[in-house]
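**Student:** Quick one: the structure is below, questions incoming.
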Amino acid sequence: TEGQVITCKAAVAWEANKPLVIEDVQVAPPQAGEVRVKILFTALCHTDAYTWSGKDPEGLFPCILGHEAAGIVESVGEGVTEVQPGDHVIPCYQAECRECKFCKSGKTNLCGKVRAATGVGVMMSDRKSRFSINGKPIYHFMGTSTFSQYTVVHDVSVAKISPQAPLDKVCLLGCGVPTGLGAVWNTAKVEAGSIVAVFGLGTVGLAVAEGAKAAGASRIIGIDIDSKKFDVAKNFGVTEFVNPKEYDKPIQQVIVDLTDGGVDYSFECIGNVSVMRAALECCHKGWGTSVIVGVAASGQEISTRPFQLVTGRVWKGTAFGGFKSRSQVPWLVDKYMNKEIKVDEYITHSLTLAEINEAFDLMHEGGCLRCVLSM
Ligand code: NAD
Ligand code: AHE
Ligand code: ZN
C-alpha cells in the first residue's frame, strides 16, 4: 500500500449535529514529514461531541473527528526518521516538535509547529487534506482524525510506544486520562495533604481524582449532577460526593462550608463557564488554585469578581495536562504496563466503528466513561 491511495471506512461528520455516516474514503499517501497510520482502536472524548455539536469555532465540516486512539504505522513520507512502518503509535493532537519557541521555552507543552494547519483541518506542507471522497476533500480534525481506519498525521504528532502495550486499552492515553493526571501533577502540582475538589466525574475528572490520590491529597470532593457517577468514582479516589441539585445554596458556598474556608485545588472538568466560576470561588483565600480543563463553547466567557484573585486565588488552565506528548505518552504507556496508573477501569463500553452513533448516545446518557471502538 506504500505510496498508494488507500480506500477505507471512516465516520464522516457531514454537518454539525447530523448523525455520522460510515463512508468509503480515500486516504492519500503521506507527504514529507507525514505518517500514515492504521488506526486499530479509538475512544470517544467529550471534545469530539463538542466539535460535532457545531459550537467549536475551529469546527469545520465535512470532517473526520476523533483524537484518542492507537494504531500501527503503515507508511511514512520523506524525511521521517523517528517512526517506521510497523511501529505501534498513539496520535497526539498536541504536537511536540522540540524546535519551536514553545517547545524550547521549557514553560509549556504547547507546540507551534503545525497548530496553524491542525486548527483549519489541513496538513501543514500544502494546506490540503489527505482525505477525500470521490475527489471532494474532507477536513482533518485536531491533526488526528482517528474515526478512520487509516489517517495521516504530522511526524511531530505521533508517539511511538511499546509494542507490548494492548492498543485497545492504551488508546485512552491519547487524551482523557493523561489530561486529568497531568492537570494535577504538572499544572496544579498538588501536594500531599491537600484538599481537592473535582467538578465533573467523567473520564477526565476521574483521572484528576486518581492523580490527586497518587499525590497524597487528604480529601477529594467529587461534584456531579449525575449521581450515577458517584459509585464508580470511589474506585478512583474520590472521598466525598456533592450533587449540586440537592442544595439551594450556590455550590461554591456548599464546598467552602464543607472545607473550613475552601479547597486548596479545584478542577473544572465539564466545560461549563458558570461551574468554572464556582470552581474558582470555592478555593481557599490566599492560595487556592483552580484549573480549567473543560472546553467551553464558542462565545462563552468566564467571569468572577477580580477581588477573588486580589485575595490570592489563582486561575489556570491546562491542555493535555501539560504533558509533552511525544516524550511523555510512551512513559505513560510504560507506567500503565507497570500497573502504576489505571486505564482499563475507564473503559465501560466496547463497540465497532459502525456503531459510532450509538457510542455518542451512550456518552450523552451518562453511565458511560470511555467507549472504545474497534475499527
Ligand atoms: P464527560 O462527558 O465524560 O464528563 C463530564 C461530566 O460532567 C459528566 O459526568 C456530567 O454528568 C458532569 N456534569 C455536566 N454538567 C455538570 C454540572 N453543571 N455540574 C456538575 N457536573 C456536571 O466528559 P470528559 O470526556 O470527561 O471531558 C470533560 C471535559 O474536559 C470536556 O469539556 C472536554 O471537552 C474537556 N477536555 C479537555 C481537555 C484539555 O486538554 N483541556 C482534554 C480532554 C477533555
Ligand atoms: N477548538 C477548540 C479548542 C478546544 C481545546 O481547547 N482543546 C484542548 C484539547 S481538548 C481534548 O479533548 C487543547 O489542547 N487546546 C489547546 C490547543 O492547542 O488547541 C475551541 O474551543 O476553539
Ligand atoms: Zn479529548
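In the C-alpha cells, each chain is lettered A, B, ... as it comes, each chain's residues begin at 1, and ligands are numbered from 1 in order of appearance.
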I'd like to know which residues of stretch 69-285 of chain A are helix (DSSP H, G or I) (by DSSP, run on the backbone); could you write them as an NGL selection string?
**Tutor:** :A and (101-105 or 115-118 or 155-157 or 167-174 or 176-188 or 203-214 or 228-236 or 244-246 or 251-258 or 273-281)
**Student:** At a cut-off of 7 Å and counting only C-alpha atoms and all ligand atoms, what residues surround ligand 3? Please answer as a CSV table (one decimal) with C-alpha atoms, in the first residue's frame.
**Tutor:**
```csv
chain,number,residue,atom,x,y,z
A,45,CYS,CA,-13.9,12.0,24.2
A,46,HIS,CA,-16.4,14.7,25.1
A,47,THR,CA,-14.4,17.1,22.9
A,48,ASP,CA,-15.4,15.1,19.8
A,67,HIS,CA,-8.4,12.1,18.7
A,68,GLU,CA,-8.0,9.4,21.4
A,175,CYS,CA,-6.3,12.3,25.7
A,176,GLY,CA,-8.6,11.9,28.7
```
**Student:** With distances taken over only C-alpha atoms, which residue among A:Leu258, A:Val198, A:Val89, A:Val208 lies nearest A:Met276?
**Tutor:**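 Using only C-alpha atoms, the shortest distance to A:Met276 belongs to A:Val198.
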**Student:** Residues up to 7 Å from ligand 2, counting only C-alpha atoms and all ligand atoms: could you list those as a JSON list (two decimals) with N, CA and C atoms, in the first residue's frame?
**Tutor:**
```
[["chain", "number", "residue", "atom", "x", "y", "z"],
["A", 45, "CYS", "N", -14.11, 11.06, 23.10],
["A", 45, "CYS", "CA", -13.92, 12.02, 24.18],
["A", 45, "CYS", "C", -15.01, 13.07, 24.03],
["A", 46, "HIS", "N", -15.34, 13.73, 25.13],
["A", 46, "HIS", "CA", -16.40, 14.74, 25.06],
["A", 46, "HIS", "C", -16.07, 15.83, 24.03],
["A", 47, "THR", "N", -14.79, 16.09, 23.81],
["A", 47, "THR", "CA", -14.42, 17.15, 22.85],
["A", 47, "THR", "C", -14.87, 16.81, 21.43],
["A", 56, "ASP", "N", -17.83, 24.59, 18.28],
["A", 56, "ASP", "CA", -16.37, 24.80, 18.28],
["A", 56, "ASP", "C", -16.03, 25.78, 17.16],
["A", 57, "PRO", "N", -15.46, 26.94, 17.50],
["A", 57, "PRO", "CA", -15.13, 27.89, 16.44],
["A", 57, "PRO", "C", -14.14, 27.33, 15.42],
["A", 58, "GLU", "N", -13.40, 26.28, 15.79],
["A", 58, "GLU", "CA", -12.48, 25.66, 14.84],
["A", 58, "GLU", "C", -13.11, 24.46, 14.12],
["A", 59, "GLY", "N", -14.37, 24.19, 14.40],
["A", 59, "GLY", "CA", -15.03, 23.02, 13.79],
["A", 59, "GLY", "C", -15.36, 23.30, 12.33],
["A", 94, "GLN", "N", -1.80, 17.29, 20.49],
["A", 94, "GLN", "CA", -0.88, 18.36, 20.89],
["A", 94, "GLN", "C", 0.50, 17.89, 20.41],
["A", 110, "LEU", "N", 2.58, 23.17, 24.88],
["A", 110, "LEU", "CA", 2.01, 23.55, 23.59],
["A", 110, "LEU", "C", 3.14, 23.62, 22.57],
["A", 115, "ARG", "N", 0.29, 23.83, 14.49],
["A", 115, "ARG", "CA", -1.00, 24.22, 15.06],
["A", 115, "ARG", "C", -1.87, 25.01, 14.09],
["A", 119, "GLY", "N", -5.62, 23.50, 13.16],
["A", 119, "GLY", "CA", -6.81, 24.29, 13.53],
["A", 119, "GLY", "C", -7.75, 24.55, 12.37],
["A", 175, "CYS", "N", -5.70, 11.00, 25.21],
["A", 175, "CYS", "CA", -6.32, 12.25, 25.67],
["A", 175, "CYS", "C", -6.76, 12.24, 27.13],
["A", 176, "GLY", "N", -7.92, 11.64, 27.42],
["A", 176, "GLY", "CA", -8.61, 11.89, 28.68],
["A", 176, "GLY", "C", -7.83, 11.58, 29.95],
["A", 295, "VAL", "N", -13.72, 22.29, 28.12],
["A", 295, "VAL", "CA", -13.69, 23.15, 26.94],
["A", 295, "VAL", "C", -15.09, 23.75, 26.77],
["A", 296, "ALA", "N", -15.16, 25.08, 26.78],
["A", 296, "ALA", "CA", -16.46, 25.76, 26.69],
["A", 296, "ALA", "C", -16.74, 26.24, 25.27],
["A", 297, "ALA", "N", -18.02, 26.33, 24.96],
["A", 297, "ALA", "CA", -18.46, 26.65, 23.60],
["A", 297, "ALA", "C", -18.06, 28.05, 23.17],
["A", 298, "SER", "N", -18.02, 28.20, 21.87],
["A", 298, "SER", "CA", -17.76, 29.50, 21.24],
["A", 298, "SER", "C", -18.71, 30.55, 21.82],
["A", 319, "ALA", "N", -3.87, 22.11, 28.84],
["A", 319, "ALA", "CA", -4.13, 21.38, 27.60],
["A", 319, "ALA", "C", -3.33, 20.08, 27.66],
["A", 320, "PHE", "N", -4.00, 18.96, 27.48],
["A", 320, "PHE", "CA", -3.38, 17.64, 27.58],
["A", 320, "PHE", "C", -2.58, 17.52, 28.89]]
```
**Student:** Which of these, A:Ala215, A:Val190, A:Leu373, A:Ile292, has the shortest distance to A:Phe147 once you count only C-alpha atoms?
**Tutor:**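 With only C-alpha atoms as the atom set, the closest residue is A:Leu373.
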**Student:** Excluding A:Glu281 and its own-chain neighbours fewer than 2 positions away, which residues fall within 12 Å of it when counting only C-alpha atoms? Please give them as a short mmCIF file (atom, residue, chain, number, x, y, z; two decimals) with N, CA and C atoms, in the first residue's frame.
**Tutor:**
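Output file result-v2.cif is given in full below:
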```cif
data_model
loop_
_atom_site.label_atom_id
_atom_site.label_comp_id
_atom_site.auth_asym_id
_atom_site.auth_seq_id
_atom_site.Cartn_x
_atom_site.Cartn_y
_atom_site.Cartn_z
N ALA A 197 -11.10 19.61 45.01
CA ALA A 197 -12.48 19.47 44.51
C ALA A 197 -12.42 19.21 43.00
N PRO A 250 -25.57 28.27 46.45
CA PRO A 250 -24.60 28.10 45.35
C PRO A 250 -23.57 27.04 45.75
N ILE A 251 -23.14 26.28 44.78
CA ILE A 251 -22.27 25.13 45.06
C ILE A 251 -20.93 25.56 45.67
N GLN A 252 -20.46 26.78 45.29
CA GLN A 252 -19.19 27.22 45.88
C GLN A 252 -19.33 27.39 47.40
N GLN A 253 -20.53 27.87 47.82
CA GLN A 253 -20.77 28.05 49.25
C GLN A 253 -20.82 26.69 49.96
N VAL A 254 -21.43 25.73 49.32
CA VAL A 254 -21.52 24.38 49.91
C VAL A 254 -20.10 23.84 50.15
N ILE A 255 -19.22 24.01 49.17
CA ILE A 255 -17.86 23.47 49.29
C ILE A 255 -17.05 24.25 50.33
N VAL A 256 -17.20 25.58 50.35
CA VAL A 256 -16.48 26.40 51.34
C VAL A 256 -16.90 25.97 52.76
N GLY A 261 -13.40 27.00 54.78
CA GLY A 261 -12.89 28.16 54.05
C GLY A 261 -12.53 27.91 52.60
N GLY A 262 -12.55 26.66 52.19
CA GLY A 262 -12.29 26.41 50.76
C GLY A 262 -11.23 25.36 50.53
N VAL A 263 -11.13 24.95 49.27
CA VAL A 263 -10.21 23.87 48.91
C VAL A 263 -8.85 24.45 48.49
N ASP A 264 -7.84 23.61 48.52
CA ASP A 264 -6.51 24.04 48.06
C ASP A 264 -6.45 24.06 46.53
N TYR A 265 -7.11 23.07 45.93
CA TYR A 265 -7.09 22.97 44.46
C TYR A 265 -8.47 22.54 43.97
N SER A 266 -8.92 23.15 42.86
CA SER A 266 -10.15 22.68 42.22
C SER A 266 -9.90 22.53 40.72
N PHE A 267 -10.70 21.65 40.12
CA PHE A 267 -10.54 21.33 38.70
C PHE A 267 -11.92 21.33 38.05
N GLU A 268 -12.09 22.08 36.97
CA GLU A 268 -13.35 22.07 36.24
C GLU A 268 -13.19 21.14 35.05
N SER A 274 -20.27 28.69 34.13
CA SER A 274 -20.70 29.04 35.49
C SER A 274 -20.10 28.09 36.52
N VAL A 275 -19.87 26.83 36.11
CA VAL A 275 -19.17 25.92 37.03
C VAL A 275 -17.71 26.35 37.18
N MET A 276 -17.12 26.89 36.11
CA MET A 276 -15.73 27.38 36.21
C MET A 276 -15.65 28.47 37.28
N ARG A 277 -16.65 29.34 37.31
CA ARG A 277 -16.68 30.39 38.33
C ARG A 277 -16.80 29.77 39.73
N ALA A 278 -17.71 28.82 39.86
CA ALA A 278 -17.89 28.17 41.17
C ALA A 278 -16.59 27.48 41.59
N ALA A 279 -15.90 26.87 40.63
CA ALA A 279 -14.66 26.15 40.94
C ALA A 279 -13.60 27.12 41.45
N CYS A 283 -12.30 27.99 46.10
CA CYS A 283 -10.90 27.86 46.52
C CYS A 283 -10.63 28.68 47.78
N HIS A 284 -9.68 28.22 48.57
CA HIS A 284 -9.32 28.92 49.81
C HIS A 284 -8.69 30.28 49.51
N LYS A 285 -9.10 31.27 50.28
CA LYS A 285 -8.49 32.60 50.20
C LYS A 285 -6.98 32.49 50.43
N GLY A 286 -6.23 33.26 49.67
CA GLY A 286 -4.79 33.35 49.92
C GLY A 286 -3.94 32.44 49.05
N TRP A 287 -4.49 31.27 48.68
CA TRP A 287 -3.65 30.34 47.91
C TRP A 287 -4.40 29.37 46.98
N GLY A 288 -5.70 29.23 47.16
CA GLY A 288 -6.42 28.20 46.39
C GLY A 288 -6.26 28.40 44.89
N THR A 289 -5.99 27.30 44.19
CA THR A 289 -5.75 27.36 42.74
C THR A 289 -6.81 26.54 42.01
N SER A 290 -7.40 27.13 40.99
CA SER A 290 -8.40 26.42 40.20
C SER A 290 -7.90 26.22 38.78
N VAL A 291 -8.02 25.00 38.28
CA VAL A 291 -7.54 24.67 36.94
C VAL A 291 -8.73 24.39 36.02
N SER A 303 -16.24 34.66 34.18
CA SER A 303 -16.19 35.90 34.96
C SER A 303 -16.17 35.58 36.45
N THR A 304 -15.66 36.53 37.19
CA THR A 304 -15.68 36.49 38.65
C THR A 304 -15.34 37.90 39.11
N ARG A 305 -15.49 38.18 40.40
CA ARG A 305 -15.02 39.47 40.88
C ARG A 305 -13.49 39.43 40.94
N PRO A 306 -12.81 40.45 40.41
CA PRO A 306 -11.35 40.46 40.48
C PRO A 306 -10.85 40.31 41.91
N PHE A 307 -11.67 40.70 42.87
CA PHE A 307 -11.32 40.56 44.29
C PHE A 307 -10.95 39.11 44.65
N GLN A 308 -11.55 38.17 43.91
CA GLN A 308 -11.23 36.75 44.14
C GLN A 308 -9.74 36.49 43.89
N LEU A 309 -9.20 37.17 42.88
CA LEU A 309 -7.77 36.98 42.54
C LEU A 309 -6.89 37.88 43.40
N THR A 311 -7.34 38.56 46.33
CA THR A 311 -7.19 37.90 47.62
C THR A 311 -6.59 36.49 47.49
N GLY A 312 -5.81 36.31 46.42
CA GLY A 312 -4.89 35.19 46.39
C GLY A 312 -5.31 33.92 45.69
N ARG A 313 -6.55 33.88 45.20
CA ARG A 313 -6.90 32.68 44.42
C ARG A 313 -6.24 32.79 43.04
N VAL A 314 -5.94 31.64 42.45
CA VAL A 314 -5.22 31.61 41.17
C VAL A 314 -6.05 30.83 40.16
N TRP A 315 -6.18 31.39 38.97
CA TRP A 315 -6.95 30.72 37.91
C TRP A 315 -5.99 30.26 36.82
#
```
**Student:** Please provide the set of residues having any atom within 12 Å of A:Leu353, restricted to only C-alpha atoms, with same-chain residues fewer than 3 positions apart removed, written as a short mmCIF file (atom, residue, chain, number, x, y, z; two decimals) with N, CA and C atoms, in the first residue's frame.
**Tutor:**
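Output contents, as saved in out14.cif:
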```cif
data_model
loop_
_atom_site.label_atom_id
_atom_site.label_comp_id
_atom_site.auth_asym_id
_atom_site.auth_seq_id
_atom_site.Cartn_x
_atom_site.Cartn_y
_atom_site.Cartn_z
N CYS A 8 -10.71 3.23 2.55
CA CYS A 8 -11.08 2.54 3.79
C CYS A 8 -12.35 3.17 4.35
N LYS A 9 -12.82 2.60 5.45
CA LYS A 9 -14.03 3.12 6.11
C LYS A 9 -13.67 4.23 7.09
N ALA A 10 -14.49 5.26 7.13
CA ALA A 10 -14.33 6.32 8.12
C ALA A 10 -15.72 6.86 8.46
N ALA A 11 -15.85 7.38 9.69
CA ALA A 11 -17.11 8.01 10.10
C ALA A 11 -17.00 9.49 9.75
N VAL A 12 -17.82 9.93 8.83
CA VAL A 12 -17.74 11.33 8.36
C VAL A 12 -18.84 12.16 9.01
N LEU A 20 -23.26 10.75 12.22
CA LEU A 20 -22.06 10.45 11.43
C LEU A 20 -22.43 9.36 10.43
N VAL A 21 -21.77 9.38 9.27
CA VAL A 21 -22.05 8.39 8.23
C VAL A 21 -20.77 7.62 7.92
N ILE A 22 -20.86 6.28 7.96
CA ILE A 22 -19.69 5.47 7.60
C ILE A 22 -19.57 5.50 6.08
N GLU A 23 -18.45 6.02 5.61
CA GLU A 23 -18.24 6.20 4.17
C GLU A 23 -16.96 5.49 3.75
N ILE A 39 -5.35 2.91 12.10
CA ILE A 39 -5.94 3.03 13.44
C ILE A 39 -6.61 1.69 13.78
N LEU A 40 -6.30 1.15 14.94
CA LEU A 40 -6.92 -0.12 15.34
C LEU A 40 -8.04 0.10 16.36
N PHE A 41 -7.84 1.06 17.25
CA PHE A 41 -8.85 1.35 18.27
C PHE A 41 -8.92 2.86 18.49
N THR A 42 -10.13 3.36 18.64
CA THR A 42 -10.29 4.76 19.02
C THR A 42 -11.37 4.86 20.09
N ALA A 43 -11.16 5.75 21.05
CA ALA A 43 -12.20 6.04 22.03
C ALA A 43 -12.87 7.34 21.64
N LEU A 44 -13.97 7.65 22.32
CA LEU A 44 -14.67 8.92 22.10
C LEU A 44 -14.41 9.79 23.32
N GLY A 66 -12.30 12.56 16.00
CA GLY A 66 -11.57 11.50 16.72
C GLY A 66 -10.14 11.89 17.03
N THR A 146 -9.12 10.26 14.03
CA THR A 146 -8.96 8.82 14.30
C THR A 146 -10.23 8.00 14.06
N PHE A 147 -11.34 8.66 13.66
CA PHE A 147 -12.54 7.87 13.33
C PHE A 147 -12.44 7.36 11.90
N SER A 148 -11.24 6.94 11.51
CA SER A 148 -10.98 6.42 10.17
C SER A 148 -10.03 5.23 10.31
N GLN A 149 -10.20 4.23 9.44
CA GLN A 149 -9.31 3.06 9.52
C GLN A 149 -7.86 3.41 9.19
N SER A 350 -17.44 -1.26 24.78
CA SER A 350 -16.64 -1.52 23.58
C SER A 350 -17.60 -1.79 22.43
N ILE A 356 -20.74 3.83 15.83
CA ILE A 356 -20.26 5.07 16.44
C ILE A 356 -21.38 6.00 16.91
N ASN A 357 -22.49 6.03 16.19
CA ASN A 357 -23.57 6.93 16.64
C ASN A 357 -24.15 6.46 17.98
N GLU A 358 -24.26 5.13 18.14
CA GLU A 358 -24.72 4.60 19.44
C GLU A 358 -23.72 4.94 20.54
N ALA A 359 -22.45 4.93 20.18
CA ALA A 359 -21.42 5.26 21.16
C ALA A 359 -21.59 6.70 21.65
N PHE A 360 -21.91 7.61 20.75
CA PHE A 360 -22.16 9.01 21.18
C PHE A 360 -23.43 9.09 22.03
N CYS A 371 -15.96 4.74 25.82
CA CYS A 371 -16.37 3.69 24.91
C CYS A 371 -15.25 3.56 23.88
N VAL A 372 -14.71 2.35 23.74
CA VAL A 372 -13.64 2.11 22.77
C VAL A 372 -14.23 1.43 21.54
N LEU A 373 -13.93 1.97 20.37
CA LEU A 373 -14.40 1.38 19.11
C LEU A 373 -13.28 0.58 18.49
N SER A 374 -13.59 -0.65 18.05
CA SER A 374 -12.59 -1.36 17.25
C SER A 374 -12.90 -1.03 15.80
N MET A 375 -11.84 -0.85 15.04
CA MET A 375 -12.01 -0.32 13.69
C MET A 375 -12.33 -1.43 12.68
#
```
**Student:** Would you return as a PyMOL selection string the members of stretch 78-206 of chain A that DSSP assigns to strand (DSSP E or B) on this structure's backbone?
**Tutor:** chain A and resi 88-91+131-133+136-139+148+150-154+158-160+195-199
**Student:** Which residue out of A:Pro178, A:Ser129, A:Thr151, A:Gly271 has the minimum interatomic distance to A:Thr7 when only C-alpha atoms are used?
**Tutor:**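 Nearest to A:Thr7: A:Thr151.
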**Student:** Which value, in Å to one decimal, gives the distance between atom 23 (O, counted along the ligand's line) of ligand 1 and atom CA of A:Leu60?
**Tutor:**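 Those two atoms sit 21.2 Å apart.
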**Student:** Near A:Leu181, within 10 Å and counting only C-alpha atoms, which residues show up once chain neighbours fewer than 4 positions away are dropped, as a PDB file with N, CA and C atoms, in the first residue's frame?
**Tutor:**
```
ATOM      1  N   GLY A 176      -7.915  11.640  27.416  1.00  0.00           N
ATOM      2  CA  GLY A 176      -8.611  11.894  28.685  1.00  0.00           C
ATOM      3  C   GLY A 176      -7.830  11.585  29.951  1.00  0.00           C
ATOM      4  N   VAL A 177      -7.216  10.406  30.004  1.00  0.00           N
ATOM      5  CA  VAL A 177      -6.514  10.014  31.234  1.00  0.00           C
ATOM      6  C   VAL A 177      -5.282  10.898  31.488  1.00  0.00           C
ATOM      7  N   TRP A 185      -0.670  16.806  38.347  1.00  0.00           N
ATOM      8  CA  TRP A 185       0.781  16.640  38.560  1.00  0.00           C
ATOM      9  C   TRP A 185       1.604  17.778  37.945  1.00  0.00           C
ATOM     10  N   ASN A 186       1.189  18.250  36.753  1.00  0.00           N
ATOM     11  CA  ASN A 186       2.000  19.240  36.031  1.00  0.00           C
ATOM     12  C   ASN A 186       1.477  20.663  36.188  1.00  0.00           C
ATOM     13  N   THR A 187       0.162  20.810  36.117  1.00  0.00           N
ATOM     14  CA  THR A 187      -0.402  22.171  36.092  1.00  0.00           C
ATOM     15  C   THR A 187      -0.610  22.691  37.515  1.00  0.00           C
ATOM     16  N   VAL A 204     -12.146  12.485  32.436  1.00  0.00           N
ATOM     17  CA  VAL A 204     -11.145  13.498  32.774  1.00  0.00           C
ATOM     18  C   VAL A 204     -11.187  13.788  34.280  1.00  0.00           C
ATOM     19  N   GLY A 205     -12.374  13.979  34.824  1.00  0.00           N
ATOM     20  CA  GLY A 205     -12.496  14.265  36.255  1.00  0.00           C
ATOM     21  C   GLY A 205     -12.027  13.103  37.120  1.00  0.00           C
ATOM     22  N   LEU A 206     -12.330  11.879  36.710  1.00  0.00           N
ATOM     23  CA  LEU A 206     -11.886  10.719  37.499  1.00  0.00           C
ATOM     24  C   LEU A 206     -10.371  10.561  37.428  1.00  0.00           C
ATOM     25  N   ALA A 207      -9.781  10.927  36.295  1.00  0.00           N
ATOM     26  CA  ALA A 207      -8.318  10.876  36.206  1.00  0.00           C
ATOM     27  C   ALA A 207      -7.700  11.965  37.086  1.00  0.00           C
ATOM     28  N   VAL A 208      -8.386  13.098  37.235  1.00  0.00           N
ATOM     29  CA  VAL A 208      -7.940  14.111  38.204  1.00  0.00           C
ATOM     30  C   VAL A 208      -7.949  13.486  39.608  1.00  0.00           C
ATOM     31  N   ALA A 209      -9.031  12.793  39.929  1.00  0.00           N
ATOM     32  CA  ALA A 209      -9.125  12.166  41.258  1.00  0.00           C
ATOM     33  C   ALA A 209      -7.995  11.149  41.440  1.00  0.00           C
ATOM     34  N   GLU A 210      -7.765  10.340  40.423  1.00  0.00           N
ATOM     35  CA  GLU A 210      -6.698   9.334  40.507  1.00  0.00           C
ATOM     36  C   GLU A 210      -5.343  10.013  40.725  1.00  0.00           C
ATOM     37  N   GLY A 211      -5.104  11.094  39.985  1.00  0.00           N
ATOM     38  CA  GLY A 211      -3.841  11.827  40.119  1.00  0.00           C
ATOM     39  C   GLY A 211      -3.707  12.462  41.495  1.00  0.00           C
ATOM     40  N   ALA A 212      -4.820  12.976  42.019  1.00  0.00           N
ATOM     41  CA  ALA A 212      -4.796  13.632  43.333  1.00  0.00           C
ATOM     42  C   ALA A 212      -4.542  12.611  44.441  1.00  0.00           C
ATOM     43  N   ALA A 214      -2.859   9.834  44.051  1.00  0.00           N
ATOM     44  CA  ALA A 214      -1.434   9.475  43.939  1.00  0.00           C
ATOM     45  C   ALA A 214      -0.548  10.561  44.543  1.00  0.00           C
ATOM     46  N   ALA A 215      -1.001  11.814  44.461  1.00  0.00           N
ATOM     47  CA  ALA A 215      -0.222  12.934  45.004  1.00  0.00           C
ATOM     48  C   ALA A 215      -0.379  13.045  46.520  1.00  0.00           C
ATOM     49  N   PHE A 320      -4.003  18.957  27.477  1.00  0.00           N
ATOM     50  CA  PHE A 320      -3.379  17.635  27.579  1.00  0.00           C
ATOM     51  C   PHE A 320      -2.584  17.516  28.887  1.00  0.00           C
ATOM     52  N   GLY A 321      -3.102  18.142  29.927  1.00  0.00           N
ATOM     53  CA  GLY A 321      -2.498  18.001  31.253  1.00  0.00           C
ATOM     54  C   GLY A 321      -1.060  18.491  31.333  1.00  0.00           C
ATOM     55  N   GLY A 322      -0.662  19.306  30.372  1.00  0.00           N
ATOM     56  CA  GLY A 322       0.709  19.826  30.434  1.00  0.00           C
ATOM     57  C   GLY A 322       1.761  18.800  30.033  1.00  0.00           C
ATOM     58  N   PHE A 323       1.337  17.621  29.591  1.00  0.00           N
ATOM     59  CA  PHE A 323       2.335  16.612  29.182  1.00  0.00           C
ATOM     60  C   PHE A 323       2.911  16.945  27.808  1.00  0.00           C
ATOM     61  N   ILE A 341      -0.578   3.283  36.798  1.00  0.00           N
ATOM     62  CA  ILE A 341      -1.776   4.093  36.541  1.00  0.00           C
ATOM     63  C   ILE A 341      -2.866   3.190  35.965  1.00  0.00           C
TER      64      ILE A 341
END
```
**Student:** Name the residues in contact with A:Gly202 at a cut-off of 8 Å, using only C-alpha atoms, excluding same-chain residues fewer than 5 positions from it; report them as a list in words.
**Tutor:** Lys229, Cys269 and Leu369 of chain A
**Student:** Any idea what the distance is between atom CA of A:Ser327 and atom CA of A:Pro163?
**Tutor:** 16.2 Å
**Student:** Quick one: residues within 6 Å of A:His88, only C-alpha atoms, excluding same-chain residues fewer than 4 positions away - as a PyMOL selection string?
**Tutor:** chain A and resi 71-72+160-161+163
**Student:** Counting only C-alpha atoms, figure out which residue out of A:Glu99, A:Glu2, A:Glu15, A:Asp168 gets nearest to A:Ala69.
**Tutor:** A:Asp168
**Student:** Quick one: of A:Gly112, A:Pro137, A:Pro244, A:Gly200, who's nearest to ligand 1, counting only C-alpha atoms and all ligand atoms?
**Tutor:**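 The closest residue to ligand 1 is A:Gly200.
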**Student:** Could you check the closest approach to ligand 1 for each of A:Tyr336, A:Tyr93, A:Phe199, A:Phe241 and tell me which residue wins, using only C-alpha atoms and all ligand atoms?
**Tutor:** A:Phe199
**Student:** Find the distance between atom CA of A:Lys324 and atom 4 (O, counted along the ligand's line) of ligand 1 and write it in Å to one decimal.
**Tutor:**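 A separation of 23.5 Å between them.
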